[in-house]
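Listing of final.cif, mmCIF, C-alpha atoms and all ligand atoms
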```
data_model
loop_
_atom_site.label_atom_id
_atom_site.label_comp_id
_atom_site.auth_asym_id
_atom_site.auth_seq_id
_atom_site.Cartn_x
_atom_site.Cartn_y
_atom_site.Cartn_z
CA MET A 1 -11.66 4.20 -17.89
CA ALA A 2 -14.14 1.35 -17.96
CA ASP A 3 -13.18 -1.76 -16.05
CA ALA A 4 -14.60 -3.87 -18.83
CA MET A 5 -11.03 -4.64 -19.95
CA LEU A 6 -9.96 -6.34 -16.69
CA PRO A 7 -8.91 -8.83 -15.49
CA LEU A 8 -5.70 -9.08 -17.44
CA GLU A 9 -4.72 -12.70 -17.74
CA ALA A 10 -1.46 -14.30 -18.85
CA ARG A 11 -2.24 -17.84 -19.96
CA ALA A 12 0.75 -20.18 -20.15
CA ILE A 13 3.00 -17.56 -21.76
CA THR A 14 6.21 -18.91 -23.24
CA VAL A 15 8.68 -16.82 -25.26
CA ARG A 16 11.64 -18.44 -27.04
CA PHE A 17 14.39 -16.68 -28.93
CA ASP A 18 16.55 -18.91 -31.13
CA GLY A 19 15.94 -21.90 -28.90
CA HIS A 20 16.56 -19.87 -25.73
CA THR A 21 13.56 -19.68 -23.37
CA ALA A 22 13.12 -16.16 -21.97
CA VAL A 23 9.66 -16.69 -20.44
CA ASP A 24 8.61 -20.18 -19.50
CA ASP A 25 4.95 -21.15 -19.13
CA VAL A 26 3.91 -18.15 -17.03
CA SER A 27 0.28 -17.82 -15.93
CA PHE A 28 -1.38 -15.26 -13.65
CA THR A 29 -4.33 -12.94 -13.45
CA LEU A 30 -4.24 -9.26 -12.48
CA ASP A 31 -7.41 -7.49 -11.42
CA GLY A 32 -5.85 -4.03 -11.32
CA THR A 33 -6.67 -3.28 -7.70
CA ALA A 34 -3.07 -2.96 -6.49
CA PRO A 35 0.23 -2.02 -8.17
CA ALA A 36 1.94 -5.20 -9.36
CA VAL A 37 5.72 -5.40 -9.50
CA ILE A 38 7.62 -7.98 -11.52
CA LEU A 39 10.89 -8.78 -9.74
CA GLY A 40 13.80 -11.03 -10.60
CA ALA A 41 17.52 -11.05 -11.36
CA ASN A 42 19.02 -9.79 -14.60
CA GLY A 43 17.86 -11.89 -17.51
CA ALA A 44 14.96 -13.43 -15.55
CA GLY A 45 12.50 -12.44 -18.30
CA LYS A 46 10.85 -9.39 -16.71
CA SER A 47 11.10 -7.02 -19.67
CA VAL A 48 10.08 -9.66 -22.16
CA LEU A 49 7.02 -10.56 -20.07
CA LEU A 50 6.03 -6.90 -19.74
CA ARG A 51 6.31 -6.45 -23.52
CA VAL A 52 4.14 -9.50 -24.09
CA LEU A 53 1.48 -8.13 -21.73
CA HIS A 54 1.56 -4.77 -23.53
CA GLY A 55 1.37 -6.48 -26.92
CA LEU A 56 4.80 -5.49 -28.27
CA ILE A 57 6.01 -9.10 -28.43
CA ALA A 58 3.85 -12.02 -29.51
CA PRO A 59 4.43 -15.05 -27.27
CA THR A 60 5.75 -18.23 -28.83
CA SER A 61 2.83 -19.97 -27.14
CA GLY A 62 0.13 -18.99 -24.71
CA ALA A 63 -2.08 -15.92 -24.78
CA VAL A 64 -2.79 -12.63 -23.07
CA THR A 65 -6.45 -11.92 -22.50
CA TRP A 66 -8.23 -8.79 -21.34
CA ALA A 67 -11.58 -9.57 -19.73
CA GLY A 68 -11.44 -12.91 -21.52
CA SER A 69 -10.73 -11.49 -24.97
CA THR A 70 -7.44 -11.62 -26.89
CA ALA A 71 -8.24 -8.22 -28.45
CA ARG A 72 -5.71 -5.65 -27.19
CA PRO A 73 -7.55 -2.72 -25.62
CA SER A 74 -6.42 0.82 -26.37
CA ALA A 75 -6.62 1.96 -22.73
CA GLN A 76 -3.19 0.57 -21.83
CA ALA A 77 0.18 2.22 -22.27
CA MET A 78 3.85 1.55 -21.61
CA VAL A 79 6.74 3.65 -20.31
CA PHE A 80 10.30 2.52 -20.97
CA GLN A 81 13.54 2.95 -19.05
CA ARG A 82 14.78 5.54 -21.55
CA PRO A 83 11.91 7.49 -23.05
CA VAL A 84 11.90 8.12 -26.77
CA LEU A 85 10.89 11.76 -27.19
CA LEU A 86 10.23 13.73 -30.34
CA ARG A 87 12.34 16.76 -31.28
CA ARG A 88 9.53 19.06 -30.18
CA SER A 89 8.47 20.90 -27.06
CA ALA A 90 7.37 18.96 -23.99
CA ILE A 91 3.73 19.82 -24.56
CA ALA A 92 3.92 18.98 -28.26
CA ASN A 93 5.13 15.48 -27.30
CA VAL A 94 2.01 14.95 -25.19
CA GLU A 95 -0.27 16.51 -27.82
CA TYR A 96 1.19 14.24 -30.49
CA ALA A 97 0.37 11.12 -28.46
CA LEU A 98 -3.18 12.40 -27.97
CA ALA A 99 -3.51 13.11 -31.73
CA VAL A 100 -2.32 9.61 -32.60
CA ASN A 101 -4.96 8.27 -30.24
CA GLY A 102 -7.72 10.23 -31.95
CA VAL A 103 -8.23 13.08 -29.46
CA ASP A 104 -9.71 16.21 -31.10
CA GLY A 105 -7.51 19.21 -31.67
CA SER A 106 -9.45 21.48 -29.33
CA GLU A 107 -9.17 19.02 -26.48
CA ARG A 108 -5.52 18.09 -26.99
CA ASN A 109 -3.96 21.21 -25.56
CA ILE A 110 -6.21 21.16 -22.48
CA ARG A 111 -5.47 17.51 -21.73
CA ALA A 112 -1.75 17.90 -22.43
CA ARG A 113 -1.50 20.88 -20.05
CA ALA A 114 -3.39 19.00 -17.36
CA ALA A 115 -1.06 16.00 -17.76
CA LEU A 116 2.05 18.19 -17.48
CA GLU A 117 0.57 19.88 -14.43
CA ARG A 118 0.00 16.48 -12.86
CA VAL A 119 3.66 15.47 -13.17
CA GLY A 120 4.96 18.89 -12.09
CA LEU A 121 6.22 19.94 -15.53
CA ALA A 122 3.74 22.69 -16.43
CA HIS A 123 6.47 25.31 -16.18
CA LEU A 124 8.55 23.45 -18.78
CA ALA A 125 5.72 22.92 -21.28
CA ASP A 126 7.41 24.91 -24.06
CA ARG A 127 10.95 23.67 -23.52
CA GLN A 128 12.46 21.28 -26.07
CA ALA A 129 11.84 17.78 -24.74
CA ARG A 130 15.31 16.54 -25.53
CA VAL A 131 17.07 19.17 -23.41
CA LEU A 132 15.12 18.21 -20.30
CA SER A 133 17.02 16.37 -17.56
CA GLY A 134 16.74 12.58 -17.34
CA GLY A 135 14.21 12.79 -14.52
CA GLU A 136 12.18 15.45 -16.32
CA GLN A 137 12.18 13.37 -19.51
CA GLN A 138 10.90 10.37 -17.59
CA ARG A 139 8.15 12.47 -15.99
CA LEU A 140 7.28 13.76 -19.47
CA ALA A 141 6.99 10.16 -20.63
CA LEU A 142 4.67 9.55 -17.66
CA ALA A 143 2.61 12.64 -18.57
CA ARG A 144 2.37 11.43 -22.16
CA ALA A 145 1.14 8.03 -21.03
CA ALA A 146 -1.18 9.39 -18.31
CA ALA A 147 -2.78 11.88 -20.75
CA LEU A 148 -4.21 8.87 -22.56
CA GLU A 149 -5.99 7.93 -19.31
CA PRO A 150 -4.95 4.28 -19.48
CA ARG A 151 -6.66 1.76 -17.24
CA VAL A 152 -3.37 -0.14 -17.10
CA LEU A 153 0.12 1.38 -17.32
CA PHE A 154 3.17 -0.86 -17.83
CA LEU A 155 6.55 0.57 -16.83
CA ASP A 156 9.86 -1.12 -17.54
CA GLU A 157 12.53 -0.02 -15.03
CA PRO A 158 11.16 3.54 -14.94
CA THR A 159 13.81 4.81 -12.49
CA ALA A 160 16.81 2.74 -13.56
CA SER A 161 18.83 5.49 -15.18
CA LEU A 162 17.94 8.24 -12.69
CA ASP A 163 19.67 9.68 -9.65
CA PRO A 164 17.96 9.27 -6.24
CA SER A 165 16.16 12.61 -6.29
CA ALA A 166 14.86 12.17 -9.85
CA SER A 167 13.84 8.59 -8.92
CA ALA A 168 11.89 9.92 -5.96
CA GLU A 169 10.05 12.38 -8.23
CA VAL A 170 9.19 9.64 -10.72
CA GLU A 171 8.06 7.39 -7.86
CA ARG A 172 5.84 10.14 -6.47
CA THR A 173 4.37 10.77 -9.94
CA MET A 174 3.71 7.07 -10.50
CA SER A 175 1.96 6.76 -7.15
CA GLU A 176 -0.19 9.76 -8.00
CA ILE A 177 -1.13 8.21 -11.36
CA GLY A 178 -1.93 4.94 -9.56
CA ARG A 179 -4.22 6.73 -7.11
CA GLY A 180 -6.02 8.26 -10.09
CA GLY A 181 -7.41 4.89 -11.13
CA THR A 182 -4.65 3.57 -13.39
CA ALA A 183 -3.37 0.10 -12.51
CA LEU A 184 0.44 0.05 -12.45
CA VAL A 185 2.41 -3.00 -13.56
CA PHE A 186 6.15 -2.46 -13.49
CA THR A 187 9.63 -3.91 -13.23
CA THR A 188 12.37 -2.51 -11.04
CA HIS A 189 15.70 -3.44 -9.48
CA ASN A 190 15.09 -0.96 -6.69
CA LEU A 191 13.72 -3.05 -3.82
CA GLY A 192 12.98 0.04 -1.71
CA PHE A 193 10.83 1.40 -4.52
CA ALA A 194 9.06 -1.96 -4.89
CA LYS A 195 8.42 -2.12 -1.13
CA ARG A 196 6.98 1.38 -1.06
CA VAL A 197 4.73 1.09 -4.08
CA ALA A 198 3.89 -2.59 -4.73
CA GLY A 199 0.66 -4.21 -3.67
CA GLU A 200 1.73 -7.55 -5.02
CA ILE A 201 4.87 -9.16 -6.36
CA LEU A 202 5.39 -11.50 -9.27
CA PHE A 203 8.83 -13.06 -8.86
CA LEU A 204 10.48 -14.53 -11.95
CA HIS A 205 13.44 -16.87 -11.89
CA ARG A 206 14.92 -18.13 -15.15
CA GLY A 207 11.76 -17.24 -17.01
CA ARG A 208 9.44 -19.01 -14.60
CA LEU A 209 7.00 -17.44 -12.18
CA VAL A 210 8.22 -19.06 -8.97
CA GLU A 211 6.33 -16.90 -6.51
CA ARG A 212 3.40 -14.55 -6.45
CA ALA A 213 2.40 -12.90 -3.19
CA ALA A 214 1.15 -9.77 -1.50
CA ALA A 215 4.14 -7.42 -1.24
CA THR A 216 4.37 -7.48 2.56
CA THR A 217 4.25 -11.28 2.60
CA PHE A 218 6.87 -11.52 -0.14
CA PHE A 219 9.33 -9.18 1.54
CA ASN A 220 8.82 -10.49 5.08
CA ASN A 221 8.45 -14.15 4.38
CA PRO A 222 9.33 -15.29 0.85
CA ARG A 223 8.23 -18.89 0.26
CA SER A 224 10.63 -19.92 -2.49
CA PRO A 225 14.37 -20.38 -1.92
CA GLU A 226 15.00 -18.40 -5.12
CA ALA A 227 13.10 -15.35 -3.84
CA ALA A 228 14.79 -15.63 -0.44
CA ALA A 229 18.21 -15.71 -2.12
CA PHE A 230 17.26 -12.77 -4.34
CA LEU A 231 16.18 -10.68 -1.35
CA GLU A 232 19.37 -11.60 0.49
CA GLY A 233 21.37 -10.46 -2.54
CA GLU A 234 22.70 -13.97 -2.87
CA LEU A 235 21.59 -14.74 -6.39
CA PRO A 236 24.32 -14.48 -8.97
CA TRP A 237 24.28 -11.13 -10.77
CA SER A 238 22.92 -12.69 -13.95
CA VAL A 239 20.67 -15.71 -13.96
CA SER A 240 19.92 -16.74 -17.50
CA SER A 241 17.22 -19.19 -18.34
CA PRO A 242 18.33 -22.60 -19.55
CA ALA A 243 18.23 -23.23 -23.29
N1 LIG B 301 14.98 -9.78 -28.77
C1 LIG B 301 15.65 -10.73 -28.13
N2 LIG B 301 16.32 -11.68 -28.81
C2 LIG B 301 17.00 -12.67 -28.17
N3 LIG B 301 17.04 -12.80 -26.83
C3 LIG B 301 16.39 -11.88 -26.10
C4 LIG B 301 15.66 -10.80 -26.70
N4 LIG B 301 15.09 -10.06 -25.71
C5 LIG B 301 15.46 -10.65 -24.55
N5 LIG B 301 16.23 -11.72 -24.79
C6 LIG B 301 16.80 -12.61 -23.77
O1 LIG B 301 15.73 -13.05 -22.95
C7 LIG B 301 16.16 -13.15 -21.58
C8 LIG B 301 15.26 -12.30 -20.70
O2 LIG B 301 15.47 -10.93 -21.02
P1 LIG B 301 14.76 -9.75 -20.25
O3 LIG B 301 15.18 -8.49 -20.93
O4 LIG B 301 13.31 -10.01 -20.15
O5 LIG B 301 15.41 -9.86 -18.81
P2 LIG B 301 15.12 -8.96 -17.54
O6 LIG B 301 14.61 -9.85 -16.46
O7 LIG B 301 14.29 -7.78 -17.91
O8 LIG B 301 16.60 -8.53 -17.18
P3 LIG B 301 17.22 -7.12 -16.72
O9 LIG B 301 16.91 -7.02 -15.27
O10 LIG B 301 18.68 -7.32 -16.95
O11 LIG B 301 16.62 -6.04 -17.56
C9 LIG B 301 17.61 -12.71 -21.56
O12 LIG B 301 18.42 -13.86 -21.59
C10 LIG B 301 17.76 -11.90 -22.83
O13 LIG B 301 19.07 -11.95 -23.33
#
```
Take the structure in the file and write it out as structure tokens.
Ligand SMILES: Nc1ncnc2c1ncn2[C@@H]1O[C@H](COP(=O)(O)OP(=O)(O)OP(=O)(O)O)[C@@H](O)[C@H]1O
Amino acid sequence: MADAMLPLEARAITVRFDGHTAVDDVSFTLDGTAPAVILGANGAGKSVLLRVLHGLIAPTSGAVTWAGSTARPSAQAMVFQRPVLLRRSAIANVEYALAVNGVDGSERNIRARAALERVGLAHLADRQARVLSGGEQQRLALARAAALEPRVLFLDEPTASLDPSASAEVERTMSEIGRGGTALVFTTHNLGFAKRVAGEILFLHRGRLVERAAATTFFNNPRSPEAAAFLEGELPWSVSSPA
């Protein structure tokens, strides 16, 4: 997990869909030392920004650079709100991801077992992935991503469709992965989760980055009126960006 790929820099990222601006001239640099959480109301542009950073969406203008290069490094992965799992056993799902990433056959099983162990799913290694509970499926998605030993892991609302106890398990697993040297960058609507895990906050409002701060500063003393309203629960439920 060489640090040669950091910092991760967003340079004037703008994303437009059919004339609608989802992300509007967003710039920041992440050095990977603390978990970064992207916050904002529904439609603020969080998921789109995360996908641009990961390389799933090309920005309309601007660029993402890794240690100054626009080449997308392989040591970064993404976990989605609802994991897409293959119709195979839990361990076979992890082994498949390792195979796709060029890990030798002999090593795959060892790394997959270690990854399942890490997320507390070793006992379910041979169970069909698709019959696992929602929380177990999300932890399997985390194991699959962590097995690749990414330097940066993007997570889009990783606990959104889970009950409180499954959320707590996923949160614990993410923190453990973060302590293992993987930089976490994620979105969430769960402010308690953000407070517990975040080192810094990137707050988006209508596609614009209106505030970036250390998490404690952001939650105790937000500078922007938009962030203050968001934390007070006073922003309208959906805040779309202007056309
Ligand atoms: N593929 C797409 N085509 C057209 N518009 C899109 C597309 N993806 C996102 N958008 C729009 O871009 C805006 C930002 O969407 P995004 O999913 O990033 O919001 P978000 O902040 O993640 O919201 P939420 O909290 O509801 O998930 C929204 O207005 C959304 O409708």
*Out of A:Gly40, A:Pro164, A:Gly181, A:Gly68, which residue has the shortest atom-to-atom distance to Leu6 (chain A) when counting all atoms listed in the file?*
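Looking only at the distances to Leu6 (chain A), the closest residue turns out to be A:Gly68.
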*asked:* For ligand LIG 301 (chain B), return the neighbouring residues as a PyMOL selection string (distance at most 12 Å; only C-alpha atoms and all ligand atoms).
replied: chain A and resi 14-24+38-52+56-59+80-81+155-158+160-161+186-190+202-209+237-243
*How many Å separate CA of Tyr96 (chain A) from CA of Val170 (chain A)?*
21.8 Å
*If we count only C-alpha atoms, what is near Val197 (chain A) at a cut-off of 10 Å, once residues fewer than 5 positions away on the same chain are taken out, given as a list in words?*
Ala34, Pro35, Ala36, Val37, Glu171, Arg172, Met174, Ser175, Gly178, Leu184, Leu191, Gly192 and Ala215 of chain A
*Selection near Asn101 (chain A), 12 Å with all atoms listed in the file, sequence-local residues under 2 positions removed, as a list in words*: Ser74, Ala75, Gln76, Ala77, Val94, Glu95, Tyr96, Ala97, Leu98, Ala99, Val103, Asp104, Gly105, Arg108, Arg144, Ala145, Ala147, Leu148, Glu149 and Pro150 of chain A
*Counting only C-alpha atoms, the residue of A:Ala114, A:Val185, A:Val100, A:Leu142 that sits nearest Leu30 (chain A)*: A:Val185
*asked:* Can you pull out the residues contacting Pro225 (chain A)? Cut-off 10 Å, using all atoms listed in the file, and skip same-chain residues under 6 positions away; I want them as a list in words.
replied: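 Contacts, with the query itself left out: Val210, Glu211 and Leu231 of chain A.
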Got time to write the residues from that selection, C-alpha atoms, as a short mmCIF file (atom, residue, chain, number, x, y, z; two decimals), keeping the file's coordinate frame?
```
data_model
loop_
_atom_site.label_atom_id
_atom_site.label_comp_id
_atom_site.auth_asym_id
_atom_site.auth_seq_id
_atom_site.Cartn_x
_atom_site.Cartn_y
_atom_site.Cartn_z
CA VAL A 210 8.22 -19.06 -8.97
CA GLU A 211 6.33 -16.90 -6.51
CA LEU A 231 16.18 -10.68 -1.35
#
```
*So how many Å separate CA of Ser61 (chain A) and CA of Arg212 (chain A), to one decimal?*
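According to the coordinates, CA of Ser61 (chain A) and CA of Arg212 (chain A) are separated by 21.4 Å.
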*Which value, in Å to one decimal, gives the distance between CA of Leu153 (chain A) and CA of Ala168 (chain A)?*
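Interatomic distance, CA of Leu153 (chain A) to CA of Ala168 (chain A): 18.5 Å.
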Work out where the centre of an axis-aligned box around every listed atom of region 19-37 of chain A lies and how long its edges are once 4 Å is added on each side; give both in Å to one decimal as JSON.
```
{"center_x": 4.6, "center_y": -12.0, "center_z": -17.7, "size_x": 32.0, "size_y": 27.9, "size_z": 30.4}
```
From the block you just saw, export region 75-131 of chain A: C-alpha atoms, as a PDB file, in the first residue's frame.
```
ATOM      1  CA  ALA A  75      -5.220   0.473  -5.140  1.00  0.00           C
ATOM      2  CA  GLN A  76      -8.601   2.153  -4.673  1.00  0.00           C
ATOM      3  CA  ALA A  77     -11.999   0.520  -4.378  1.00  0.00           C
ATOM      4  CA  MET A  78     -15.630   1.458  -3.870  1.00  0.00           C
ATOM      5  CA  VAL A  79     -18.480   0.006  -1.807  1.00  0.00           C
ATOM      6  CA  PHE A  80     -22.057   0.896  -2.695  1.00  0.00           C
ATOM      7  CA  GLN A  81     -25.223   1.244  -0.645  1.00  0.00           C
ATOM      8  CA  ARG A  82     -26.574  -2.038  -2.014  1.00  0.00           C
ATOM      9  CA  PRO A  83     -23.784  -4.455  -2.819  1.00  0.00           C
ATOM     10  CA  VAL A  84     -23.918  -6.361  -6.076  1.00  0.00           C
ATOM     11  CA  LEU A  85     -22.946  -9.926  -5.210  1.00  0.00           C
ATOM     12  CA  LEU A  86     -22.429 -12.901  -7.479  1.00  0.00           C
ATOM     13  CA  ARG A  87     -24.588 -16.031  -7.204  1.00  0.00           C
ATOM     14  CA  ARG A  88     -21.753 -17.836  -5.460  1.00  0.00           C
ATOM     15  CA  SER A  89     -20.580 -18.479  -1.932  1.00  0.00           C
ATOM     16  CA  ALA A  90     -19.347 -15.594   0.207  1.00  0.00           C
ATOM     17  CA  ILE A  91     -15.735 -16.669  -0.145  1.00  0.00           C
ATOM     18  CA  ALA A  92     -16.066 -17.192  -3.897  1.00  0.00           C
ATOM     19  CA  ASN A  93     -17.220 -13.563  -4.197  1.00  0.00           C
ATOM     20  CA  VAL A  94     -14.009 -12.376  -2.528  1.00  0.00           C
ATOM     21  CA  GLU A  95     -11.853 -14.814  -4.510  1.00  0.00           C
ATOM     22  CA  TYR A  96     -13.401 -13.610  -7.756  1.00  0.00           C
ATOM     23  CA  ALA A  97     -12.486  -9.989  -6.990  1.00  0.00           C
ATOM     24  CA  LEU A  98      -8.925 -11.082  -6.214  1.00  0.00           C
ATOM     25  CA  ALA A  99      -8.749 -13.081  -9.480  1.00  0.00           C
ATOM     26  CA  VAL A 100      -9.954 -10.097 -11.498  1.00  0.00           C
ATOM     27  CA  ASN A 101      -7.215  -8.053  -9.856  1.00  0.00           C
ATOM     28  CA  GLY A 102      -4.536 -10.547 -10.856  1.00  0.00           C
ATOM     29  CA  VAL A 103      -3.938 -12.340  -7.544  1.00  0.00           C
ATOM     30  CA  ASP A 104      -2.542 -15.876  -8.016  1.00  0.00           C
ATOM     31  CA  GLY A 105      -4.787 -18.844  -7.405  1.00  0.00           C
ATOM     32  CA  SER A 106      -2.766 -20.172  -4.484  1.00  0.00           C
ATOM     33  CA  GLU A 107      -2.917 -16.855  -2.677  1.00  0.00           C
ATOM     34  CA  ARG A 108      -6.582 -16.091  -3.358  1.00  0.00           C
ATOM     35  CA  ASN A 109      -8.098 -18.475  -0.860  1.00  0.00           C
ATOM     36  CA  ILE A 110      -5.725 -17.382   1.921  1.00  0.00           C
ATOM     37  CA  ARG A 111      -6.419 -13.689   1.353  1.00  0.00           C
ATOM     38  CA  ALA A 112     -10.166 -14.231   0.972  1.00  0.00           C
ATOM     39  CA  ARG A 113     -10.336 -16.172   4.255  1.00  0.00           C
ATOM     40  CA  ALA A 114      -8.326 -13.493   6.040  1.00  0.00           C
ATOM     41  CA  ALA A 115     -10.652 -10.788   4.680  1.00  0.00           C
ATOM     42  CA  LEU A 116     -13.765 -12.677   5.831  1.00  0.00           C
ATOM     43  CA  GLU A 117     -12.168 -13.197   9.229  1.00  0.00           C
ATOM     44  CA  ARG A 118     -11.519  -9.474   9.466  1.00  0.00           C
ATOM     45  CA  VAL A 119     -15.187  -8.570   8.953  1.00  0.00           C
ATOM     46  CA  GLY A 120     -16.463 -11.359  11.214  1.00  0.00           C
ATOM     47  CA  LEU A 121     -17.867 -13.534   8.420  1.00  0.00           C
ATOM     48  CA  ALA A 122     -15.434 -16.479   8.465  1.00  0.00           C
ATOM     49  CA  HIS A 123     -18.171 -18.784   9.730  1.00  0.00           C
ATOM     50  CA  LEU A 124     -20.340 -17.928   6.710  1.00  0.00           C
ATOM     51  CA  ALA A 125     -17.614 -18.371   4.084  1.00  0.00           C
ATOM     52  CA  ASP A 126     -19.417 -21.180   2.251  1.00  0.00           C
ATOM     53  CA  ARG A 127     -22.928 -19.760   2.447  1.00  0.00           C
ATOM     54  CA  GLN A 128     -24.527 -18.406  -0.732  1.00  0.00           C
ATOM     55  CA  ALA A 129     -23.828 -14.673  -0.752  1.00  0.00           C
ATOM     56  CA  ARG A 130     -27.326 -13.726  -1.812  1.00  0.00           C
ATOM     57  CA  VAL A 131     -29.010 -15.401   1.163  1.00  0.00           C
TER      58      VAL A 131
END
```
